[in-house]
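Q: Pasting run37.tsv here (TSV, C-alpha atoms):
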chain	number	residue	atom	x	y	z
A	148	MET	CA	14.35	97.81	124.73
A	149	ALA	CA	13.37	98.43	121.16
A	150	GLY	CA	10.69	100.90	120.22
A	151	GLY	CA	9.58	104.17	121.74
A	152	SER	CA	7.60	103.52	124.96
A	153	ARG	CA	8.23	101.94	128.35
A	154	ARG	CA	7.05	98.68	126.89
A	155	SER	CA	9.76	98.90	124.25
A	156	ARG	CA	12.27	101.52	125.36
A	157	SER	CA	14.52	102.44	122.46
A	158	TRP	CA	17.96	103.82	121.70
A	159	TRP	CA	17.05	107.17	123.28
A	160	TYR	CA	18.42	106.11	126.66
A	161	ALA	CA	22.06	106.01	125.67
A	162	VAL	CA	21.73	109.30	123.83
A	163	ALA	CA	19.44	111.32	126.02
A	164	VAL	CA	19.45	110.10	129.55
A	165	PRO	CA	21.85	112.74	130.88
A	166	ALA	CA	19.38	115.38	129.71
A	167	VAL	CA	16.11	113.73	130.69
A	168	LEU	CA	16.08	115.04	134.23
A	169	ALA	CA	16.56	118.47	132.70
A	170	VAL	CA	13.44	117.77	130.66
A	171	ALA	CA	11.63	117.24	133.95
A	172	VAL	CA	12.75	120.76	134.71
A	173	GLY	CA	11.46	121.70	131.26
A	174	GLY	CA	7.99	122.06	132.67
A	175	ALA	CA	9.49	124.59	135.01
A	176	LEU	CA	13.02	125.79	134.22
A	177	GLY	CA	13.41	124.12	130.83
A	178	ALA	CA	17.17	123.66	131.17
A	179	GLY	CA	18.88	123.16	127.88
A	180	ARG	CA	15.62	122.82	125.98
A	181	ASP	CA	15.79	123.14	122.19
A	182	THR	CA	12.74	124.36	120.38
A	183	THR	CA	11.56	125.27	116.92
A	184	PRO	CA	9.41	128.38	117.44
A	185	PRO	CA	6.32	128.79	115.29
A	186	PRO	CA	6.57	131.25	112.39
A	187	GLY	CA	6.57	134.84	113.60
A	188	ASP	CA	7.11	133.88	117.25
A	189	HIS	CA	10.01	135.36	117.96
A	190	GLY	CA	16.31	139.69	142.42
A	191	ALA	CA	16.46	137.33	145.23
A	192	ALA	CA	17.29	133.66	144.80
A	193	GLY	CA	13.74	132.68	145.76
A	194	PRO	CA	12.47	129.97	148.11
A	195	GLN	CA	14.38	126.77	148.65
A	196	PRO	CA	12.43	123.64	147.64
A	197	ALA	CA	11.13	121.37	150.34
A	198	ALA	CA	13.77	118.78	149.51
A	199	THR	CA	17.09	119.32	147.83
A	200	ALA	CA	19.35	117.10	145.78
A	201	PRO	CA	22.74	116.15	147.13
A	202	ALA	CA	25.67	118.07	145.73
A	203	SER	CA	26.82	116.75	142.37
A	204	ALA	CA	29.83	114.53	142.96
A	205	ALA	CA	32.84	115.02	140.72
A	206	PRO	CA	33.35	112.09	138.34
A	207	ALA	CA	36.13	109.66	139.15
A	208	GLY	CA	39.42	110.04	137.29
A	209	SER	CA	38.45	107.10	135.06
A	210	ALA	CA	35.06	108.58	134.18
A	211	PRO	CA	34.20	108.74	130.47
A	212	ALA	CA	34.74	112.05	128.73
A	213	ALA	CA	31.00	112.49	128.21
A	214	GLU	CA	30.39	112.34	131.97
A	215	VAL	CA	33.15	114.86	132.67
A	216	LEU	CA	31.76	117.26	130.06
A	217	HIS	CA	28.19	116.82	131.26
A	218	THR	CA	29.04	117.43	134.90
A	219	ALA	CA	31.15	120.48	134.10
A	220	THR	CA	28.31	121.90	132.00
A	221	GLN	CA	25.90	121.44	134.89
A	222	LEU	CA	28.21	123.19	137.33
A	223	LEU	CA	28.64	126.10	134.95
A	224	ILE	CA	24.86	126.40	134.52
A	225	ARG	CA	24.53	126.43	138.31
A	226	ASP	CA	27.06	129.23	138.61
A	227	CYS	CA	25.47	131.24	135.82
A	228	MET	CA	22.02	130.93	137.38
A	229	ARG	CA	23.44	132.04	140.72
A	230	ARG	CA	24.87	135.17	139.07
A	231	ARG	CA	21.44	135.89	137.59
A	232	GLY	CA	19.76	135.56	140.96
A	233	PHE	CA	18.41	132.02	140.80
A	234	ARG	CA	19.20	128.59	142.20
A	235	TYR	CA	19.97	125.51	140.14
A	236	TRP	CA	20.82	121.96	141.14
A	237	PRO	CA	23.15	120.10	138.73
A	238	VAL	CA	21.38	117.29	136.89
A	239	PRO	CA	23.13	113.93	137.48
A	240	TRP	CA	24.81	112.11	134.61
A	241	ARG	CA	23.14	108.72	135.08
A	242	PRO	CA	20.61	108.77	137.91
A	243	VAL	CA	20.04	105.01	137.56
A	244	PRO	CA	23.42	103.57	136.50
A	245	GLU	CA	22.09	100.02	136.14
A	246	LEU	CA	19.57	101.01	133.46
A	247	ARG	CA	20.87	99.75	130.13
A	248	GLU	CA	19.74	99.91	126.55
A	249	PHE	CA	19.03	96.97	124.22
A	250	PRO	CA	17.70	98.52	121.01
A	251	TYR	CA	17.58	95.30	118.99
A	252	VAL	CA	17.35	92.38	121.40
A	253	LEU	CA	18.03	91.78	125.07
A	254	ASP	CA	21.13	89.57	124.99
A	255	ASP	CA	22.48	89.72	128.55
A	256	VAL	CA	21.10	86.75	130.51
A	257	SER	CA	22.44	87.95	133.88
A	258	TYR	CA	20.80	91.35	133.39
A	259	ALA	CA	17.53	89.65	132.42
A	260	ARG	CA	17.62	87.45	135.53
A	261	ARG	CA	18.13	90.45	137.78
A	262	TYR	CA	16.07	93.19	136.13
A	263	GLY	CA	13.86	91.54	133.50
A	264	TYR	CA	13.43	94.17	130.82
A	265	GLY	CA	14.42	96.96	133.18
A	266	GLY	CA	10.94	98.23	133.94
A	267	VAL	CA	11.73	98.53	137.64
A	268	LEU	CA	14.84	100.52	136.79
A	269	GLU	CA	12.83	102.82	134.60
A	270	ARG	CA	10.39	103.24	137.48
A	271	ARG	CA	13.32	104.44	139.60
A	272	PHE	CA	14.32	106.78	136.82
A	273	GLN	CA	10.85	108.30	136.66
A	274	ALA	CA	10.93	108.74	140.43
A	275	ALA	CA	14.22	110.60	140.13
A	276	MET	CA	12.65	112.88	137.54
A	277	ALA	CA	9.66	113.54	139.77
A	278	ALA	CA	11.94	114.39	142.71
A	279	ASP	CA	14.08	116.85	140.72
A	280	PRO	CA	14.61	119.90	142.95
A	281	ASN	CA	14.81	122.31	140.02
A	282	ALA	CA	11.22	121.65	139.02
A	283	ARG	CA	10.01	122.08	142.60
A	284	TYR	CA	12.00	125.28	142.95
A	285	ALA	CA	10.48	126.81	139.83
A	286	ARG	CA	6.97	125.78	140.87
A	287	GLU	CA	7.42	127.50	144.21
A	288	LEU	CA	8.56	130.79	142.68
A	289	PRO	CA	6.03	133.56	142.01
A	290	PRO	CA	4.86	133.38	138.38
A	291	GLU	CA	6.96	136.33	137.24
A	292	ARG	CA	10.09	134.96	138.88
A	293	GLY	CA	9.40	131.52	137.45
A	294	ALA	CA	9.19	133.00	133.95
A	295	ALA	CA	12.43	134.88	134.56
A	296	ALA	CA	14.11	131.66	135.68
A	297	VAL	CA	12.99	129.97	132.45
A	298	ARG	CA	14.52	132.80	130.43
A	299	ALA	CA	17.73	132.69	132.44
A	300	VAL	CA	18.39	128.99	131.98
A	301	ASN	CA	16.92	128.59	128.53
A	302	GLY	CA	16.61	131.95	126.83
A	303	ASP	CA	14.33	132.70	123.90
A	304	PRO	CA	14.80	130.46	120.84
A	305	GLY	CA	13.09	133.10	118.71
A	306	GLU	CA	15.84	135.67	119.21
A	307	PRO	CA	17.60	136.82	116.00
A	308	ASP	CA	20.97	135.30	116.91
A	309	ALA	CA	19.57	131.98	118.16
A	310	LEU	CA	21.63	128.87	117.55
A	311	ARG	CA	20.38	126.66	114.72
A	312	ALA	CA	20.86	123.02	113.74
A	313	THR	CA	19.27	121.18	110.83
A	314	LEU	CA	18.55	117.60	111.86
A	315	PRO	CA	19.52	114.57	109.75
A	316	ALA	CA	15.89	113.51	109.33
A	317	GLY	CA	14.73	117.06	108.63
A	318	GLY	CA	13.53	119.90	110.80
A	319	VAL	CA	15.42	122.67	112.50
A	320	LEU	CA	16.27	123.05	116.19
A	321	ARG	CA	16.84	126.50	117.67
A	322	ARG	CA	18.14	127.55	121.07
A	323	SER	CA	19.01	130.86	122.66
A	324	SER	CA	22.66	131.86	122.48
A	325	ARG	CA	22.25	134.03	125.59
A	326	SER	CA	20.96	131.51	128.12
A	327	CYS	CA	22.91	130.01	130.99
A	328	THR	CA	22.99	126.72	129.10
A	329	SER	CA	24.64	128.44	126.15
A	330	GLU	CA	26.97	130.40	128.41
A	331	ALA	CA	28.14	127.15	130.00
A	332	GLU	CA	28.72	125.46	126.65
A	333	ARG	CA	30.49	128.53	125.24
A	334	HIS	CA	32.90	128.38	128.19
A	335	LEU	CA	33.70	124.74	127.47
A	336	TYR	CA	33.58	124.51	123.69
A	337	GLY	CA	34.49	128.01	122.55
A	338	ASP	CA	32.77	127.97	119.14
A	339	LEU	CA	29.20	127.68	120.39
A	340	PRO	CA	27.40	127.69	117.00
A	341	ALA	CA	29.70	124.93	115.68
A	342	TRP	CA	29.23	122.91	118.87
A	343	TYR	CA	25.47	123.26	118.80
A	344	ARG	CA	25.25	122.12	115.15
A	345	ALA	CA	27.64	119.22	115.70
A	346	ALA	CA	26.08	118.03	118.96
A	347	ARG	CA	22.45	118.22	117.82
A	348	THR	CA	23.24	116.53	114.50
A	349	THR	CA	25.31	113.68	115.93
A	350	ASP	CA	22.90	113.13	118.81
A	351	ASN	CA	20.21	112.42	116.24
A	352	LEU	CA	22.25	109.93	114.22
A	353	ALA	CA	21.33	107.13	116.63
A	354	GLY	CA	17.75	107.10	115.40
A	355	LEU	CA	18.87	106.75	111.80
A	356	ARG	CA	21.30	103.98	112.71
A	357	VAL	CA	18.81	101.94	114.71
A	358	GLY	CA	16.16	102.31	112.01
A	359	ARG	CA	18.59	101.02	109.39
A	360	VAL	CA	19.58	98.01	111.48
A	361	LEU	CA	15.96	97.08	112.10
A	362	ALA	CA	15.27	97.33	108.36
A	363	ASP	CA	18.35	95.31	107.36
A	364	PRO	CA	17.42	91.92	105.78
A	365	ARG	CA	20.25	90.31	107.71
A	366	TYR	CA	18.65	91.42	110.99
A	367	ALA	CA	15.29	90.07	109.78
A	368	ALA	CA	16.91	86.70	109.05
A	369	GLY	CA	18.41	86.66	112.53
A	370	VAL	CA	15.01	87.42	114.05
A	371	THR	CA	13.53	84.47	112.16
A	372	ALA	CA	15.97	82.11	113.88
A	373	TRP	CA	15.35	83.83	117.22
A	374	ARG	CA	11.58	83.42	116.73
A	375	ARG	CA	11.96	79.66	116.22
A	376	CYS	CA	14.03	79.45	119.41
A	377	MET	CA	11.43	81.39	121.37
A	378	ARG	CA	8.64	79.19	120.03
A	379	ALA	CA	10.50	76.10	121.18
A	380	ALA	CA	10.76	77.68	124.63
A	381	GLY	CA	7.00	78.25	124.70
A	382	HIS	CA	6.90	81.93	123.71
A	383	GLU	CA	5.18	82.94	120.48
A	384	TYR	CA	6.31	86.43	119.43
A	385	ALA	CA	7.12	87.89	116.04
A	386	ASP	CA	10.21	89.75	117.21
A	387	PRO	CA	11.91	91.09	120.37
A	388	ALA	CA	9.86	94.28	120.33
A	389	ALA	CA	6.62	92.28	120.40
A	390	ALA	CA	7.85	90.19	123.31
A	391	ARG	CA	8.73	93.23	125.35
A	392	ALA	CA	5.56	95.07	124.39
A	393	SER	CA	3.60	92.27	126.05
A	394	VAL	CA	5.11	93.06	129.46
A	395	PRO	CA	2.92	95.34	131.61
A	396	GLU	CA	4.19	98.32	133.55
A	397	PRO	CA	5.67	97.28	136.92
A	398	ALA	CA	3.33	97.92	139.82
A	399	SER	CA	6.08	97.94	142.45
A	400	ASP	CA	9.84	97.92	142.85
A	401	THR	CA	9.89	94.12	142.57
A	402	VAL	CA	10.60	92.62	139.16
A	403	PRO	CA	7.66	90.34	138.24
A	404	ALA	CA	8.60	86.69	137.86
A	405	GLY	CA	6.80	86.46	134.51
A	406	GLU	CA	8.83	89.35	133.13
A	407	VAL	CA	12.04	87.70	134.26
A	408	ARG	CA	11.09	84.39	132.58
A	409	LEU	CA	10.32	86.08	129.27
A	410	ALA	CA	13.41	88.30	129.39
A	411	VAL	CA	15.67	85.35	130.19
A	412	ALA	CA	14.15	83.40	127.30
A	413	GLU	CA	14.76	86.33	124.94
A	414	ALA	CA	18.36	86.69	126.05
A	415	THR	CA	19.02	82.96	125.93
A	416	CYS	CA	17.66	82.72	122.39
A	417	ALA	CA	19.64	85.83	121.37
A	418	ALA	CA	22.79	84.03	122.47
A	419	GLU	CA	21.92	80.60	121.06
A	420	THR	CA	20.89	81.92	117.63
A	421	GLY	CA	23.61	84.57	117.40
A	422	LEU	CA	21.10	87.42	117.06
A	423	GLY	CA	22.83	89.47	119.76
A	424	GLY	CA	26.21	89.31	118.06
A	425	LEU	CA	24.69	89.93	114.64
A	426	ALA	CA	22.88	93.03	115.93
A	427	ARG	CA	26.10	94.44	117.37
A	428	ARG	CA	27.95	93.90	114.08
A	429	LEU	CA	25.16	95.51	112.08
A	430	ASP	CA	25.01	98.40	114.51
A	431	ALA	CA	28.73	99.08	114.07
A	432	GLU	CA	28.43	98.79	110.29
A	433	HIS	CA	25.50	101.19	110.05
A	434	ARG	CA	27.12	103.57	112.54
A	435	ARG	CA	30.08	103.94	110.19
A	436	ALA	CA	27.80	104.41	107.19
A	437	VAL	CA	25.66	107.05	108.89
A	438	GLU	CA	28.66	108.95	110.20
A	439	ARG	CA	30.17	109.04	106.70
A	440	GLN	CA	27.12	111.04	105.63
A	441	PHE	CA	27.91	113.76	108.20
A	442	PRO	CA	31.72	113.91	108.29
A	443	THR	CA	31.95	117.59	109.20
A	444	GLU	CA	29.62	117.34	112.18
A	445	VAL	CA	31.24	114.14	113.46
A	446	ALA	CA	34.74	115.61	113.13
A	447	ASP	CA	33.70	118.92	114.70
A	448	ARG	CA	32.20	117.16	117.70
A	449	LEU	CA	35.33	115.07	118.29
A	450	ARG	CA	37.56	118.13	117.93
A	451	LEU	CA	35.48	120.40	120.17
A	452	GLU	CA	35.03	117.76	122.86
A	453	GLY	CA	38.72	116.99	122.91
A	454	ALA	CA	39.58	120.66	123.30
A	455	ALA	CA	36.90	121.10	126.00
A	456	LEU	CA	38.08	118.29	128.28
A	457	PRO	CA	40.91	120.24	129.99
A	458	ARG	CA	38.54	123.14	130.64
A	459	ALA	CA	35.91	120.74	131.97
A	460	ARG	CA	38.39	119.13	134.37
A	461	ALA	CA	39.42	122.59	135.59
A	462	VAL	CA	35.74	123.37	136.29
A	463	LEU	CA	35.38	120.13	138.28
A	464	ALA	CA	38.56	120.85	140.20
A	465	GLY	CA	37.14	124.21	141.23
A	466	GLY	CA	33.83	122.65	142.31
Before anything else, please render the file you have as structure tokens.
A:
Amino acid sequence: MAGGSRRSRSWWYAVAVPAVLAVAVGGALGAGRDTTPPPGDHGAAGPQPAATAPASAAPAGSAPAAEVLHTATQLLIRDCMRRRGFRYWPVPWRPVPELREFPYVLDDVSYARRYGYGGVLERRFQAAMAADPNARYARELPPERGAAAVRAVNGDPGEPDALRATLPAGGVLRRSSRSCTSEAERHLYGDLPAWYRAARTTDNLAGLRVGRVLADPRYAAGVTAWRRCMRAAGHEYADPAAARASVPEPASDTVPAGEVRLAVAEATCAAETGLGGLARRLDAEHRRAVERQFPTEVADRLRLEGAALPRARAVLAGG
């Protein structure tokens, strides 16, 4: 979905979903959290949570490189936390595999018929976040141990040798270089500062790209044709984001019939007017343009990920 809420879920899913369950831990363990500290702000394993997550399954041999790297990172964090006296459950790569992203327009009619705009899938995703065993584990620790667990997995971003990355849209992210998250990434990528800069920068290029597509006059012209199609089908909305914003939060695990009707109409009009294909072409065009602005970071990420893959597969082989 386009936009930044459940009503119009944006590009963040494809970029951030592997880390979002870790954000659920952020209220407790804070795994992998990046922060910009304000100016001048520089035992035993503990109780087992009431319910535990199943062991993280190794990706299939045909799994994408990103999944292999993510899963290996999680296993290395688990092992590091164990050495420091804590427990950690690897965060799954895609807890709801069916959940897809449509940042410009929903253009898959079969998906729309089955899931509407995906609100029910997002509801499952939120449930997975709420059930995360890491958060429960940290909550059940005594306060001092909980604070120590936060430091172990996340470190102190105010430390003098903290990792730094300047974001494409401005602002600086910092993260501890001594945390278990950093230890895991150092094992895989070797040059941790270069990896951190490249990963944080390229992760944030999606927002620039999507914003440029939405502001492109060619996309606006495509939306005009889509709007006429929707009006003919009995739906009066200015653009896809407005259509999706009109859909209420799901109250159960059943996709509402009204949501399905509207989603199918959106997807049908996206196909009939060519808006879906146009959006994909513009997305590819603006992706290339944005990446040309950050050639070093893009090249560094490709190089470091390629070199890390054999190490990641060795980690998975060792369990």
Q: Using only C-alpha atoms, pick whichever of A:Leu451, A:Ala210, A:Ala275, A:Ala380 has the shortest atom-to-atom distance to A:Arg344.
A: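 Closest to A:Arg344 of all the choices is A:Leu451.
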Q: Please report the interatomic distance between atom CA of A:Ala299 and atom CA of A:Val238 in Å with one decimal.
A: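 Interatomic distance, atom CA of A:Ala299 to atom CA of A:Val238: 16.4 Å.
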Q: List as a short mmCIF file (atom, residue, chain, number, x, y, z; two decimals) with C-alpha atoms, in the coordinates of the input the protein and nucleic acid residues near A:Arg439, meaning an atom at most 12 Å away when all atoms listed in the file are counted, but skip any in the same chain fewer than 6 places from it.
A:
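The result, stored in around-v4.cif:
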data_model
loop_
_atom_site.label_atom_id
_atom_site.label_comp_id
_atom_site.auth_asym_id
_atom_site.auth_seq_id
_atom_site.Cartn_x
_atom_site.Cartn_y
_atom_site.Cartn_z
CA THR A 349 25.31 113.68 115.93
CA LEU A 352 22.25 109.93 114.22
CA ARG A 356 21.30 103.98 112.71
CA GLU A 432 28.43 98.79 110.29
CA HIS A 433 25.50 101.19 110.05
CA VAL A 445 31.24 114.14 113.46
CA ALA A 446 34.74 115.61 113.13
#
Q: Atom CA of A:Ile224 and atom CA of A:Leu320 are how many Å apart?
A: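 These two atoms are separated by 20.5 Å.
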Q: Could you work out how far atom CA of A:Ser326 lies from atom CA of A:Gly302, giving the answer in Å with one decimal?
A: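 So the two atoms, atom CA of A:Gly302 and atom CA of A:Ser326, lie 4.6 Å apart.
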Q: Taking a cut-off of 12 Å and counting all atoms listed in the file, can you build a table that, for each residue of stretch 322-428 of chain A near stretch 276-297 of chain A, reports the nearest atom pair and how far apart they are in Å (one decimal), sorted by chain then residue number, as CSV?
A:
residue,atom,partner,partner_atom,distance
A:Ser323,CA,A:Val297,CA,11.5
A:Ser326,CA,A:Val297,CA,9.2
A:Cys327,CA,A:Val297,CA,10.0
A:Thr328,CA,A:Val297,CA,11.0
Q: Output C-alpha atoms for every residue in the selection just made, as a PDB file, in the frame of the given file.
A:
ATOM      1  CA  SER A 323      19.010 130.860 122.660  1.00  0.00           C
ATOM      2  CA  SER A 326      20.960 131.510 128.120  1.00  0.00           C
ATOM      3  CA  CYS A 327      22.910 130.010 130.990  1.00  0.00           C
ATOM      4  CA  THR A 328      22.990 126.720 129.100  1.00  0.00           C
TER       5      THR A 328
END
Q: Could you tell me which of A:Ala410, A:Leu339, A:Ala464, A:Val267 comes closest to A:Ser393 if we count only C-alpha atoms?
A: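 Using only C-alpha atoms, A:Ser393 sits closest to A:Ala410.
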Q: Mind listing as a count of residues only all residues within 10 Å of (20.9, 90.0, 117.1), counting only C-alpha atoms?
A: 31
Q: In terms of the shortest atom-to-atom distance over all atoms listed in the file, which of A:Ala404, A:Cys227, A:Ala353, A:Leu310 is closest to A:Arg434?
A: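 Once distances to A:Arg434 are computed over all atoms listed in the file, the minimum belongs to A:Ala353.
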Q: Using the file's own x, y and z axes, so that the box edges lie along x, y and z, what centre and edge lengths in Å (one decimal) does a box around every listed atom of stretch 384-395 of chain A get when 3 Å is added on each side? Give it as lines of an AutoDock Vina configuration file.
A:
center_x = 7.4
center_y = 90.9
center_z = 123.8
size_x = 15.0
size_y = 14.9
size_z = 21.6
Q: Neighbours of A:Val462 within 8 Å (all atoms listed in the file; same-chain residues fewer than 4 positions away dropped), as number ranges by chain?
A: A: 219, 222-223, 458, 466
Q: May I ask which of the residues A:Glu406, A:Tyr336, A:Val394, A:Arg322 is the closest one to A:Leu449, counting only C-alpha atoms?
A: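 Distance minimum relative to A:Leu449 lands on A:Tyr336.
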Q: Excluding A:Gly266 and its own-chain neighbours fewer than 3 positions away, which residues fall within 8 Å of it when counting all atoms listed in the file? Please give them as a PyMOL selection string.
A: chain A and resi 153+262-263+269-270+396-397+402
Q: Write to file, as a PDB file, keeping the file's coordinate frame, the residues of the selection just made, with C-alpha atoms.
A:
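Just written: result.pdb:
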ATOM      1  CA  ARG A 153       8.230 101.940 128.350  1.00  0.00           C
ATOM      2  CA  TYR A 262      16.070  93.190 136.130  1.00  0.00           C
ATOM      3  CA  GLY A 263      13.860  91.540 133.500  1.00  0.00           C
ATOM      4  CA  GLU A 269      12.830 102.820 134.600  1.00  0.00           C
ATOM      5  CA  ARG A 270      10.390 103.240 137.480  1.00  0.00           C
ATOM      6  CA  GLU A 396       4.190  98.320 133.550  1.00  0.00           C
ATOM      7  CA  PRO A 397       5.670  97.280 136.920  1.00  0.00           C
ATOM      8  CA  VAL A 402      10.600  92.620 139.160  1.00  0.00           C
TER       9      VAL A 402
END
Q: Name all residues at most 8 Å from A:Val411 (count only C-alpha atoms; drop same-chain ones fewer than 5 positions away) and give them as a list of chain:residue names.
A: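 What passes the distance filter is A:Val256, A:Ala259, A:Arg260, A:Gly263.
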Q: Report as an MDAnalysis selection string all protein, DNA and RNA residues lying within 10 Å of A:Thr348, evaluated on only C-alpha atoms, omitting residues in the same chain fewer than 5 positions from it.
A: chainID A and resid 312:316 320 342:343 353 441 444:445 448
